[in-house]
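The file upload_33.cif contains mmCIF, C-alpha atoms:
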```cif
data_target
loop_
_atom_site.label_atom_id
_atom_site.label_comp_id
_atom_site.auth_asym_id
_atom_site.auth_seq_id
_atom_site.Cartn_x
_atom_site.Cartn_y
_atom_site.Cartn_z
CA MET A 1 135.96 124.33 203.49
CA LYS A 2 137.36 120.79 203.60
CA GLY A 3 135.53 119.53 200.55
CA ARG A 4 132.20 119.11 198.79
CA VAL A 5 130.25 115.96 199.61
CA LEU A 6 127.27 114.50 197.75
CA VAL A 7 125.12 112.39 200.10
CA VAL A 8 123.00 109.84 198.21
CA ASP A 9 120.42 108.07 200.36
CA ASP A 10 116.68 107.50 200.03
CA SER A 11 116.29 107.95 203.77
CA ALA A 12 115.76 111.59 204.76
CA LEU A 13 116.85 110.65 208.27
CA SER A 14 120.21 109.35 207.03
CA ARG A 15 120.77 112.38 204.81
CA ARG A 16 119.95 114.75 207.67
CA THR A 17 122.20 112.84 210.10
CA LEU A 18 125.11 112.91 207.67
CA ARG A 19 124.58 116.62 207.01
CA GLN A 20 124.63 117.28 210.77
CA ILE A 21 127.96 115.44 211.00
CA LEU A 22 129.58 116.91 207.90
CA GLU A 23 128.67 120.59 207.95
CA PRO A 24 130.05 121.40 211.44
CA ALA A 25 133.23 119.59 210.39
CA GLY A 26 133.69 122.00 207.50
CA TYR A 27 132.28 120.10 204.53
CA GLU A 28 129.81 121.51 202.01
CA VAL A 29 126.93 119.07 201.54
CA ALA A 30 124.58 118.38 198.64
CA GLU A 31 121.91 115.68 198.72
CA ALA A 32 120.23 113.26 196.33
CA GLU A 33 117.44 110.87 197.29
CA ASP A 34 117.78 108.40 194.42
CA GLY A 35 120.26 107.14 191.85
CA LEU A 36 119.17 109.24 188.89
CA SER A 37 119.17 112.47 190.91
CA ALA A 38 122.60 111.49 192.21
CA LEU A 39 124.05 111.16 188.71
CA GLU A 40 122.55 114.50 187.72
CA ARG A 41 123.82 116.24 190.87
CA TYR A 42 127.28 114.71 190.47
CA PHE A 43 127.76 116.23 187.05
CA LEU A 44 126.25 119.58 188.03
CA ASP A 45 128.15 120.00 191.31
CA LYS A 46 131.31 117.93 190.68
CA PRO A 47 131.67 117.03 194.39
CA ASP A 48 134.99 115.87 195.81
CA ILE A 49 133.44 112.74 197.24
CA VAL A 50 130.16 110.80 197.24
CA LEU A 51 128.62 109.01 200.22
CA LEU A 52 126.37 106.40 198.63
CA ASP A 53 123.73 104.11 200.12
CA LEU A 54 123.26 100.68 198.50
CA VAL A 55 119.67 99.68 199.27
CA MET A 56 117.53 102.33 197.62
CA LYS A 57 114.25 102.46 195.76
CA GLY A 58 114.64 102.59 191.98
CA MET A 59 118.31 102.45 191.00
CA TYR A 60 120.32 100.20 193.32
CA GLY A 61 123.46 101.76 194.84
CA LEU A 62 125.80 99.34 193.07
CA ASP A 63 124.36 100.45 189.71
CA VAL A 64 124.82 104.10 190.68
CA LEU A 65 128.43 103.39 191.63
CA THR A 66 129.10 101.56 188.35
CA LYS A 67 127.53 104.39 186.31
CA LEU A 68 129.44 107.07 188.21
CA ARG A 69 132.73 105.28 187.68
CA GLU A 70 131.96 104.74 183.98
CA LEU A 71 131.34 108.44 183.52
CA ASP A 72 134.15 109.59 185.81
CA ALA A 73 136.90 107.04 186.46
CA ASP A 74 138.28 109.26 189.23
CA ALA A 75 135.00 109.49 191.17
CA LYS A 76 135.65 108.98 194.87
CA VAL A 77 132.76 106.99 196.31
CA VAL A 78 132.33 105.75 199.88
CA ILE A 79 129.52 103.27 200.49
CA VAL A 80 127.42 103.89 203.61
CA SER A 81 125.02 100.98 203.91
CA ALA A 82 123.15 98.55 206.13
CA ASP A 83 123.92 95.79 203.61
CA ILE A 84 126.92 94.46 205.51
CA GLN A 85 127.27 91.13 203.69
CA THR A 86 130.86 90.22 202.80
CA SER A 87 129.75 89.71 199.19
CA SER A 88 128.40 93.29 199.08
CA HIS A 89 131.74 94.64 200.30
CA GLU A 90 133.51 92.63 197.61
CA LEU A 91 131.12 93.75 194.87
CA VAL A 92 131.43 97.46 195.59
CA GLU A 93 135.18 97.20 196.06
CA ALA A 94 135.44 95.55 192.63
CA ALA A 95 133.22 98.32 191.21
CA GLY A 96 135.63 100.97 192.49
CA ALA A 97 134.30 102.12 195.87
CA ARG A 98 137.11 103.59 197.99
CA ALA A 99 135.70 102.57 201.37
CA PHE A 100 132.68 101.05 203.11
CA VAL A 101 131.01 102.35 206.28
CA ASN A 102 128.43 100.10 207.92
CA LYS A 103 125.13 101.51 209.16
CA PRO A 104 124.52 102.47 211.88
CA PHE A 105 127.58 104.72 211.64
CA ASP A 106 129.09 107.13 214.12
CA ARG A 107 130.48 110.60 213.61
CA ALA A 108 134.16 109.68 214.01
CA GLU A 109 133.89 106.78 211.57
CA ILE A 110 132.37 108.98 208.88
CA LEU A 111 134.83 111.84 209.35
CA ASN A 112 137.90 109.58 209.55
CA THR A 113 136.88 107.64 206.44
CA LEU A 114 136.19 110.82 204.50
CA ALA A 115 139.52 112.36 205.52
CA SER A 116 141.41 109.16 204.57
CA VAL A 117 139.79 108.84 201.15
CA LEU A 118 140.21 112.52 200.33
CA ALA A 119 143.86 112.28 201.38
CA GLY A 120 144.28 109.21 199.20
CA VAL A 121 145.12 106.94 202.16
CA ALA A 122 142.32 104.43 201.59
CA GLU A 123 142.95 104.10 197.85
CA MET B 1 97.14 105.12 213.91
CA ASN B 2 99.01 106.65 210.99
CA LEU B 3 102.72 107.38 210.89
CA THR B 4 104.04 110.78 209.84
CA ALA B 5 106.47 110.85 206.91
CA VAL B 6 109.36 111.45 209.33
CA GLN B 7 108.30 108.53 211.58
CA GLU B 8 107.85 106.23 208.58
CA ASP B 9 111.27 107.19 207.22
CA ALA B 10 112.97 106.62 210.60
CA LEU B 11 111.22 103.27 211.13
CA THR B 12 112.09 102.15 207.59
CA GLU B 13 115.76 102.96 208.19
CA VAL B 14 115.84 101.12 211.54
CA ILE B 15 114.23 98.04 209.98
CA ASN B 16 116.57 98.35 207.01
CA ILE B 17 119.54 98.13 209.39
CA GLY B 18 117.97 95.12 211.13
CA PHE B 19 117.38 93.40 207.80
CA GLY B 20 120.98 94.11 206.85
CA ARG B 21 122.21 92.27 209.97
CA ALA B 22 119.82 89.37 209.39
CA ALA B 23 120.85 89.14 205.72
CA ALA B 24 124.54 89.06 206.68
CA SER B 25 123.90 86.17 209.12
CA LEU B 26 121.75 84.31 206.61
CA SER B 27 124.33 84.83 203.87
CA LYS B 28 127.12 83.56 206.14
CA LEU B 29 125.15 80.44 207.05
CA THR B 30 123.89 79.51 203.59
CA GLY B 31 126.83 80.73 201.52
CA GLN B 32 124.34 82.60 199.30
CA ARG B 33 124.05 86.32 198.65
CA VAL B 34 120.85 87.90 199.97
CA GLN B 35 119.39 90.63 197.77
CA LEU B 36 118.03 93.37 200.05
CA GLU B 37 115.20 95.69 199.13
CA VAL B 38 113.86 98.79 200.87
CA PRO B 39 111.34 97.59 203.48
CA HIS B 40 107.74 98.66 203.04
CA ILE B 41 106.22 99.96 206.29
CA ALA B 42 102.48 99.90 206.94
CA MET B 43 100.30 100.08 210.03
CA CYS B 44 97.37 97.68 210.28
CA PRO B 45 95.08 96.28 212.99
CA LEU B 46 96.46 93.11 214.62
CA ASP B 47 93.55 90.93 213.44
CA GLU B 48 94.31 91.84 209.80
CA LEU B 49 98.02 91.04 210.06
CA SER B 50 97.91 87.38 209.00
CA ASP B 51 95.82 88.22 205.91
CA ARG B 52 98.29 90.95 204.92
CA LEU B 53 101.34 88.69 205.39
CA ARG B 54 99.94 85.53 203.77
CA PRO B 55 100.63 86.50 200.11
CA MET B 56 104.28 87.22 200.95
CA MET B 57 104.79 83.99 202.89
CA GLU B 58 103.22 81.87 200.14
CA THR B 59 105.95 82.85 197.69
CA LEU B 60 108.60 81.17 199.87
CA SER B 61 108.99 77.51 200.82
CA ARG B 62 108.66 77.42 204.64
CA PRO B 63 110.77 80.56 205.31
CA GLU B 64 109.82 80.39 208.99
CA VAL B 65 111.77 77.14 209.36
CA LEU B 66 114.98 78.68 208.01
CA ILE B 67 114.52 81.89 210.02
CA GLY B 68 113.93 79.82 213.16
CA HIS B 69 117.15 77.88 212.60
CA VAL B 70 119.12 81.09 211.98
CA LEU B 71 117.79 82.56 215.24
CA ALA B 72 118.62 79.35 217.13
CA HIS B 73 122.13 79.40 215.63
CA GLU B 74 122.73 83.00 216.76
CA ILE B 75 121.37 82.27 220.25
CA GLY B 76 123.67 79.23 220.25
CA HIS B 77 126.69 81.55 219.84
CA LYS B 78 125.59 83.50 222.91
CA LEU B 79 125.05 80.33 224.98
CA LEU B 80 128.35 78.80 223.84
CA ARG B 81 130.11 82.16 224.38
CA THR B 82 132.06 81.79 221.15
CA ASP B 83 131.90 82.95 217.52
CA SER B 84 133.39 79.68 216.26
CA HIS B 85 131.40 76.99 214.45
CA SER B 86 131.00 73.23 214.59
CA PRO B 87 131.60 70.82 211.69
CA THR B 88 127.98 69.60 211.80
CA GLY B 89 124.58 70.47 213.23
CA LEU B 90 122.92 73.74 214.15
CA MET B 91 126.23 75.50 214.78
CA LYS B 92 127.72 74.61 211.37
CA ALA B 93 129.10 77.69 209.55
CA HIS B 94 127.40 76.99 206.19
CA TRP B 95 124.31 74.87 205.62
CA SER B 96 124.06 73.10 202.27
CA ASN B 97 120.90 73.25 200.14
CA VAL B 98 120.17 69.64 201.16
CA GLU B 99 120.46 70.51 204.87
CA THR B 100 118.24 73.56 204.38
CA GLU B 101 115.58 71.35 202.76
CA GLN B 102 115.94 68.64 205.41
CA MET B 103 115.42 71.06 208.30
CA THR B 104 111.81 71.44 207.13
CA PHE B 105 111.16 67.80 208.06
CA GLN B 106 113.76 67.20 210.76
CA PRO B 107 114.87 70.21 212.86
CA MET B 108 118.63 70.55 213.23
CA THR B 109 120.09 70.06 216.69
CA PHE B 110 123.23 71.01 218.58
CA THR B 111 126.02 68.41 218.44
CA PRO B 112 126.42 66.45 221.74
CA ALA B 113 129.63 68.42 222.42
CA ASP B 114 127.88 71.79 221.85
CA ALA B 115 124.92 70.73 224.00
CA ALA B 116 127.25 69.67 226.83
CA GLN B 117 129.13 72.98 226.61
CA ILE B 118 125.88 74.97 226.75
CA ARG B 119 124.73 73.00 229.83
CA GLU B 120 128.08 73.61 231.52
CA ASN B 121 127.98 77.35 230.72
CA LEU B 122 124.43 77.65 232.02
CA ALA B 123 125.25 75.70 235.19
CA GLY B 124 128.29 77.92 235.75
CA GLY B 125 126.13 81.01 235.32
CA CYS B 126 123.59 79.66 237.84
CA ARG B 127 126.37 78.97 240.38
CA LEU B 128 127.68 82.54 239.97
CA LEU B 129 124.19 83.98 240.41
CA ALA B 130 123.59 81.86 243.49
CA ALA B 131 126.92 82.94 244.98
CA ALA B 132 126.17 86.61 244.26
CA ALA B 133 122.70 86.33 245.81
CA GLY B 134 124.12 84.79 249.00
CA PRO B 135 122.42 82.27 251.30
CA ILE B 136 118.63 82.12 251.19
CA ALA B 137 117.15 83.24 254.53
CA ASN B 138 114.43 81.02 255.97
#
```

Spit out the file's structure as structure tokens when you get a sec.
Amino acid sequence: MKGRVLVVDDSALSRRTLRQILEPAGYEVAEAEDGLSALERYFLDKPDIVLLDLVMKGMYGLDVLTKLRELDADAKVVIVSADIQTSSHELVEAAGARAFVNKPFDRAEILNTLASVLAGVAE
Amino acid sequence: MNLTAVQEDALTEVINIGFGRAAASLSKLTGQRVQLEVPHIAMCPLDELSDRLRPMMETLSRPEVLIGHVLAHEIGHKLLRTDSHSPTGLMKAHWSNVETEQMTFQPMTFTPADAAQIRENLAGGCRLLAAAAGPIAN
């Protein structure tokens, strides 16, 4: 097992797609469909890395990221979002995200980013 | 016609990605951050569409004018075959608040240099097409 990944996205399609990419590559996957569930799951499962969407119903992804990093300064979070504005990249980088993957993503991009962040390359 | 939960979720995500692209272009042009929200998907008969959209459109000051200019700007890049911008006009990189207001009354245009370049590119494309098609048989 390469690592445990928490996928946080309000889109079931995105969560399913990421699971289909991650599991065959050797990752263990847990899911959360909103920010509050994500915070709960993070502290129950202690995943190695979080893939976090930004535009979600309820708690916005940036708020989830900020909360996660407040509660665990070492939390490794990769943003996977359709919000590709330069200002969004800057905001999440300042909030402690380790990397940003634009939607729509491809398999190689997700796996390479995950491997880099887990290896500490993208930090 | 009703969408299944899976269809609605997939359509929402596709539109979300489209909105993300549009927001990035709009943000680049206006220099302002665009706050994105999860799109709400609903099916409705075509003749009810304007009634359903009216309340949303009334909260904005002529959004269709700004959206039209953004679309024209992006098409301009394709016609000019470049990602670079002009110091003034429709192909300017960032529109000021004053310019955004003015476009409601006076549509922005390409600069004479941009317009000439577009004409030249289009004429070149027509010549290539004509050459590829060969002589017209009578």

Write out as a CSV table (one decimal) with C-alpha atoms, in the frame of the given file which residues come within 8 Å of segment 17-21 of chain A when counting only C-alpha atoms, dropping same-chain ones fewer than 4 positions away.
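selection_22.csv, freshly written:
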```csv
chain,number,residue,atom,x,y,z
A,7,VAL,CA,125.1,112.4,200.1
A,13,LEU,CA,116.8,110.6,208.3
A,25,ALA,CA,133.2,119.6,210.4
A,29,VAL,CA,126.9,119.1,201.5
A,107,ARG,CA,130.5,110.6,213.6
A,111,LEU,CA,134.8,111.8,209.4
```

How would you write, as a PyMOL selection string, the residues chosen by the PyMOL selection byres ((chain B) within 7 of (chain A)) on this structure? chain B and resi 9-10+13+16-17+20-21+24+27+33+36-38

The selected residues should be written to file as an mmCIF file, keeping the file's coordinate frame (atoms: C-alpha atoms).
```
data_model
loop_
_atom_site.group_PDB
_atom_site.id
_atom_site.type_symbol
_atom_site.label_atom_id
_atom_site.label_comp_id
_atom_site.auth_asym_id
_atom_site.auth_seq_id
_atom_site.Cartn_x
_atom_site.Cartn_y
_atom_site.Cartn_z
ATOM 1 C CA ASP B 9 111.270 107.190 207.220
ATOM 2 C CA ALA B 10 112.970 106.620 210.600
ATOM 3 C CA GLU B 13 115.760 102.960 208.190
ATOM 4 C CA ASN B 16 116.570 98.350 207.010
ATOM 5 C CA ILE B 17 119.540 98.130 209.390
ATOM 6 C CA GLY B 20 120.980 94.110 206.850
ATOM 7 C CA ARG B 21 122.210 92.270 209.970
ATOM 8 C CA ALA B 24 124.540 89.060 206.680
ATOM 9 C CA SER B 27 124.330 84.830 203.870
ATOM 10 C CA ARG B 33 124.050 86.320 198.650
ATOM 11 C CA LEU B 36 118.030 93.370 200.050
ATOM 12 C CA GLU B 37 115.200 95.690 199.130
ATOM 13 C CA VAL B 38 113.860 98.790 200.870
#
```

Can you pull out every residue within 8 Å of segment 93-101 of chain A, counting only C-alpha atoms, but drop anything in the same chain fewer than 4 positions away, and send it as a ChimeraX atom specification? /A:62,65-66,69,76-81,89,105,109-110,113,117,122-123

In Å to one decimal, how far is atom CA of Ile75 of chain B from atom CA of Ala113 of chain B?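 If I compute the distance from atom CA of Ala113 of chain B to atom CA of Ile75 of chain B, I get 16.3 Å.
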
Using all atoms listed in the file: which of A:Met1, A:Leu68, A:Ala108, A:Ala115 has the shortest distance to Glu40 of chain A: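 Smallest separation from Glu40 of chain A among the options: A:Leu68.
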
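Atom CA of Thr12 of chain B sits 20.3 Å away from atom CA of Leu26 of chain B.
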
Output the residue selection produced by the PyMOL selection byres ((chain B and resi 111) around 10) on the file above, formatted as a list of chain:residue names.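 Residues picked by the PyMOL selection byres ((chain B and resi 111) around 10): B:Ser86, B:Pro87, B:Thr88, B:Gly89, B:Leu90, B:Met91, B:Lys92, B:Met108, B:Thr109, B:Phe110, B:Pro112, B:Ala113, B:Asp114, B:Ala115, B:Ala116, B:Gln117.
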
Quote the spacing between atom CA of Asp34 of chain A and atom CA of Val64 of chain A in Å to one decimal place.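 Value for the atom CA of Asp34 of chain A-atom CA of Val64 of chain A distance: 9.1 Å.
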
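Excluding Ser96 of chain B itself and same-chain residues fewer than 4 positions from it, the residues having an atom within 10 Å of it are Leu29, Thr30, Gly31, Gln32, Lys92, Thr100, Glu101 and Gln102 of chain B, counting all atoms listed in the file.
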
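When all atoms listed in the file are used to compute distances to Gly26 of chain A, the closest of the residues A:Ala38, A:Arg4, A:Asp53, A:Lys67 turns out to be A:Arg4.
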
Gly68 of chain B environment, 12 Å, only C-alpha atoms, sequence neighbours closer than 3 positions dropped, as number ranges by chain: B: 22, 26, 62-65, 71-75, 90, 100, 103-104, 107-108

Write the selection just made, keeping C-alpha atoms, as a PDB file, in the coordinates of the input?
```
ATOM      1  CA  ALA B  22     119.820  89.370 209.390  1.00  0.00           C
ATOM      2  CA  LEU B  26     121.750  84.310 206.610  1.00  0.00           C
ATOM      3  CA  ARG B  62     108.660  77.420 204.640  1.00  0.00           C
ATOM      4  CA  PRO B  63     110.770  80.560 205.310  1.00  0.00           C
ATOM      5  CA  GLU B  64     109.820  80.390 208.990  1.00  0.00           C
ATOM      6  CA  VAL B  65     111.770  77.140 209.360  1.00  0.00           C
ATOM      7  CA  LEU B  71     117.790  82.560 215.240  1.00  0.00           C
ATOM      8  CA  ALA B  72     118.620  79.350 217.130  1.00  0.00           C
ATOM      9  CA  HIS B  73     122.130  79.400 215.630  1.00  0.00           C
ATOM     10  CA  GLU B  74     122.730  83.000 216.760  1.00  0.00           C
ATOM     11  CA  ILE B  75     121.370  82.270 220.250  1.00  0.00           C
ATOM     12  CA  LEU B  90     122.920  73.740 214.150  1.00  0.00           C
ATOM     13  CA  THR B 100     118.240  73.560 204.380  1.00  0.00           C
ATOM     14  CA  MET B 103     115.420  71.060 208.300  1.00  0.00           C
ATOM     15  CA  THR B 104     111.810  71.440 207.130  1.00  0.00           C
ATOM     16  CA  PRO B 107     114.870  70.210 212.860  1.00  0.00           C
ATOM     17  CA  MET B 108     118.630  70.550 213.230  1.00  0.00           C
TER      18      MET B 108
END
```

Please evaluate the PyMOL selection byres ((chain A and resi 3) around 8) against the displayed coordinates and give the resulting residues as a list in words.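 So the PyMOL selection byres ((chain A and resi 3) around 8) ends up selecting Met1, Lys2, Arg4, Val5, Gly26, Tyr27, Glu28, Pro47, Asp48 and Ile49 of chain A.
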
Write a file of the just-selected residues containing C-alpha atoms, as a compact mmCIF listing (two decimals), in the coordinates of the input.
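That gives us part.txt:
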```txt
# COMPACT_ATOMS: atom_id res chain seq x y z
CA MET A 1 135.96 124.33 203.49
CA LYS A 2 137.36 120.79 203.60
CA ARG A 4 132.20 119.11 198.79
CA VAL A 5 130.25 115.96 199.61
CA GLY A 26 133.69 122.00 207.50
CA TYR A 27 132.28 120.10 204.53
CA GLU A 28 129.81 121.51 202.01
CA PRO A 47 131.67 117.03 194.39
CA ASP A 48 134.99 115.87 195.81
CA ILE A 49 133.44 112.74 197.24
```

Could you work out an axis-aligned box for segment 7-16 of chain B, taking every atom the file lists and adding 6 Å on each side, and report centre and edge lengths in Å to one decimal, as JSON?
```
{"center_x": 112.2, "center_y": 103.3, "center_z": 209.3, "size_x": 20.7, "size_y": 22.5, "size_z": 16.6}
```

Rebuild all heavy atoms on segment 39-50 of chain B, as a PDB file, in the coordinates of the input?
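Generated output (result_33.pdb):
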```
ATOM      1  N   PRO B  39     112.542  98.119 202.836  1.00  0.00           N
ATOM      2  CA  PRO B  39     111.340  97.590 203.480  1.00  0.00           C
ATOM      3  C   PRO B  39     110.125  98.500 203.256  1.00  0.00           C
ATOM      4  O   PRO B  39     110.284  99.719 203.172  1.00  0.00           O
ATOM      5  CB  PRO B  39     111.694  97.542 204.962  1.00  0.00           C
ATOM      6  CG  PRO B  39     113.122  97.890 205.079  1.00  0.00           C
ATOM      7  CD  PRO B  39     113.561  98.511 203.809  1.00  0.00           C
ATOM      8  N   HIS B  40     108.971  97.886 203.151  1.00  0.00           N
ATOM      9  CA  HIS B  40     107.740  98.660 203.040  1.00  0.00           C
ATOM     10  C   HIS B  40     107.062  98.662 204.412  1.00  0.00           C
ATOM     11  O   HIS B  40     106.792  97.597 204.972  1.00  0.00           O
ATOM     12  CB  HIS B  40     106.819  98.037 201.989  1.00  0.00           C
ATOM     13  CG  HIS B  40     105.471  98.672 201.926  1.00  0.00           C
ATOM     14  ND1 HIS B  40     105.290  99.970 201.497  1.00  0.00           N
ATOM     15  CD2 HIS B  40     104.252  98.208 202.255  1.00  0.00           C
ATOM     16  CE1 HIS B  40     104.008 100.265 201.567  1.00  0.00           C
ATOM     17  NE2 HIS B  40     103.348  99.217 202.028  1.00  0.00           N
ATOM     18  N   ILE B  41     106.807  99.836 204.954  1.00  0.00           N
ATOM     19  CA  ILE B  41     106.220  99.960 206.290  1.00  0.00           C
ATOM     20  C   ILE B  41     104.725 100.282 206.168  1.00  0.00           C
ATOM     21  O   ILE B  41     104.348 101.153 205.380  1.00  0.00           O
ATOM     22  CB  ILE B  41     106.891 101.110 207.078  1.00  0.00           C
ATOM     23  CG1 ILE B  41     108.403 100.932 207.123  1.00  0.00           C
ATOM     24  CG2 ILE B  41     106.312 101.234 208.479  1.00  0.00           C
ATOM     25  CD1 ILE B  41     108.866  99.783 207.933  1.00  0.00           C
ATOM     26  N   ALA B  42     103.911  99.577 206.919  1.00  0.00           N
ATOM     27  CA  ALA B  42     102.480  99.900 206.940  1.00  0.00           C
ATOM     28  C   ALA B  42     101.924  99.575 208.320  1.00  0.00           C
ATOM     29  O   ALA B  42     102.384  98.637 208.977  1.00  0.00           O
ATOM     30  CB  ALA B  42     101.743  99.101 205.875  1.00  0.00           C
ATOM     31  N   MET B  43     100.973 100.358 208.757  1.00  0.00           N
ATOM     32  CA  MET B  43     100.300 100.080 210.030  1.00  0.00           C
ATOM     33  C   MET B  43      98.987  99.366 209.708  1.00  0.00           C
ATOM     34  O   MET B  43      98.285  99.740 208.763  1.00  0.00           O
ATOM     35  CB  MET B  43      99.978 101.386 210.760  1.00  0.00           C
ATOM     36  CG  MET B  43     101.193 102.224 211.107  1.00  0.00           C
ATOM     37  SD  MET B  43     102.212 101.499 212.376  1.00  0.00           S
ATOM     38  CE  MET B  43     101.207 101.867 213.817  1.00  0.00           C
ATOM     39  N   CYS B  44      98.666  98.329 210.494  1.00  0.00           N
ATOM     40  CA  CYS B  44      97.370  97.680 210.280  1.00  0.00           C
ATOM     41  C   CYS B  44      96.898  97.060 211.599  1.00  0.00           C
ATOM     42  O   CYS B  44      97.717  96.750 212.469  1.00  0.00           O
ATOM     43  CB  CYS B  44      97.449  96.638 209.176  1.00  0.00           C
ATOM     44  SG  CYS B  44      98.169  95.091 209.648  1.00  0.00           S
ATOM     45  N   PRO B  45      95.580  96.901 211.760  1.00  0.00           N
ATOM     46  CA  PRO B  45      95.080  96.280 212.990  1.00  0.00           C
ATOM     47  C   PRO B  45      95.623  94.854 213.120  1.00  0.00           C
ATOM     48  O   PRO B  45      95.831  94.166 212.096  1.00  0.00           O
ATOM     49  CB  PRO B  45      93.561  96.255 212.788  1.00  0.00           C
ATOM     50  CG  PRO B  45      93.297  97.257 211.728  1.00  0.00           C
ATOM     51  CD  PRO B  45      94.509  97.277 210.853  1.00  0.00           C
ATOM     52  N   LEU B  46      95.846  94.416 214.364  1.00  0.00           N
ATOM     53  CA  LEU B  46      96.460  93.110 214.620  1.00  0.00           C
ATOM     54  C   LEU B  46      95.672  91.963 213.966  1.00  0.00           C
ATOM     55  O   LEU B  46      96.269  91.028 213.421  1.00  0.00           O
ATOM     56  CB  LEU B  46      96.540  92.888 216.134  1.00  0.00           C
ATOM     57  CG  LEU B  46      97.526  91.838 216.617  1.00  0.00           C
ATOM     58  CD1 LEU B  46      98.935  92.137 216.120  1.00  0.00           C
ATOM     59  CD2 LEU B  46      97.514  91.764 218.143  1.00  0.00           C
ATOM     60  N   ASP B  47      94.336  92.049 213.980  1.00  0.00           N
ATOM     61  CA  ASP B  47      93.550  90.930 213.440  1.00  0.00           C
ATOM     62  C   ASP B  47      93.594  90.860 211.912  1.00  0.00           C
ATOM     63  O   ASP B  47      93.140  89.892 211.322  1.00  0.00           O
ATOM     64  CB  ASP B  47      92.096  90.977 213.940  1.00  0.00           C
ATOM     65  CG  ASP B  47      91.416  92.304 213.658  1.00  0.00           C
ATOM     66  OD1 ASP B  47      92.067  93.161 213.025  1.00  0.00           O
ATOM     67  OD2 ASP B  47      90.261  92.472 214.056  1.00  0.00           O
ATOM     68  N   GLU B  48      94.180  91.890 211.262  1.00  0.00           N
ATOM     69  CA  GLU B  48      94.310  91.840 209.800  1.00  0.00           C
ATOM     70  C   GLU B  48      95.721  91.420 209.374  1.00  0.00           C
ATOM     71  O   GLU B  48      95.992  91.247 208.183  1.00  0.00           O
ATOM     72  CB  GLU B  48      94.033  93.218 209.187  1.00  0.00           C
ATOM     73  CG  GLU B  48      92.574  93.634 209.264  1.00  0.00           C
ATOM     74  CD  GLU B  48      92.377  95.052 208.753  1.00  0.00           C
ATOM     75  OE1 GLU B  48      93.270  95.571 208.060  1.00  0.00           O
ATOM     76  OE2 GLU B  48      91.331  95.639 209.076  1.00  0.00           O
ATOM     77  N   LEU B  49      96.603  91.268 210.368  1.00  0.00           N
ATOM     78  CA  LEU B  49      98.020  91.040 210.060  1.00  0.00           C
ATOM     79  C   LEU B  49      98.257  89.759 209.262  1.00  0.00           C
ATOM     80  O   LEU B  49      98.978  89.773 208.256  1.00  0.00           O
ATOM     81  CB  LEU B  49      98.828  91.001 211.364  1.00  0.00           C
ATOM     82  CG  LEU B  49     100.344  91.045 211.216  1.00  0.00           C
ATOM     83  CD1 LEU B  49     100.785  92.334 210.536  1.00  0.00           C
ATOM     84  CD2 LEU B  49     101.011  90.935 212.581  1.00  0.00           C
ATOM     85  N   SER B  50      97.639  88.645 209.687  1.00  0.00           N
ATOM     86  CA  SER B  50      97.910  87.380 209.000  1.00  0.00           C
ATOM     87  C   SER B  50      97.443  87.437 207.548  1.00  0.00           C
ATOM     88  O   SER B  50      98.104  86.908 206.650  1.00  0.00           O
ATOM     89  CB  SER B  50      97.254  86.212 209.738  1.00  0.00           C
ATOM     90  OG  SER B  50      95.871  86.411 209.783  1.00  0.00           O
TER      91      SER B  50
END
```
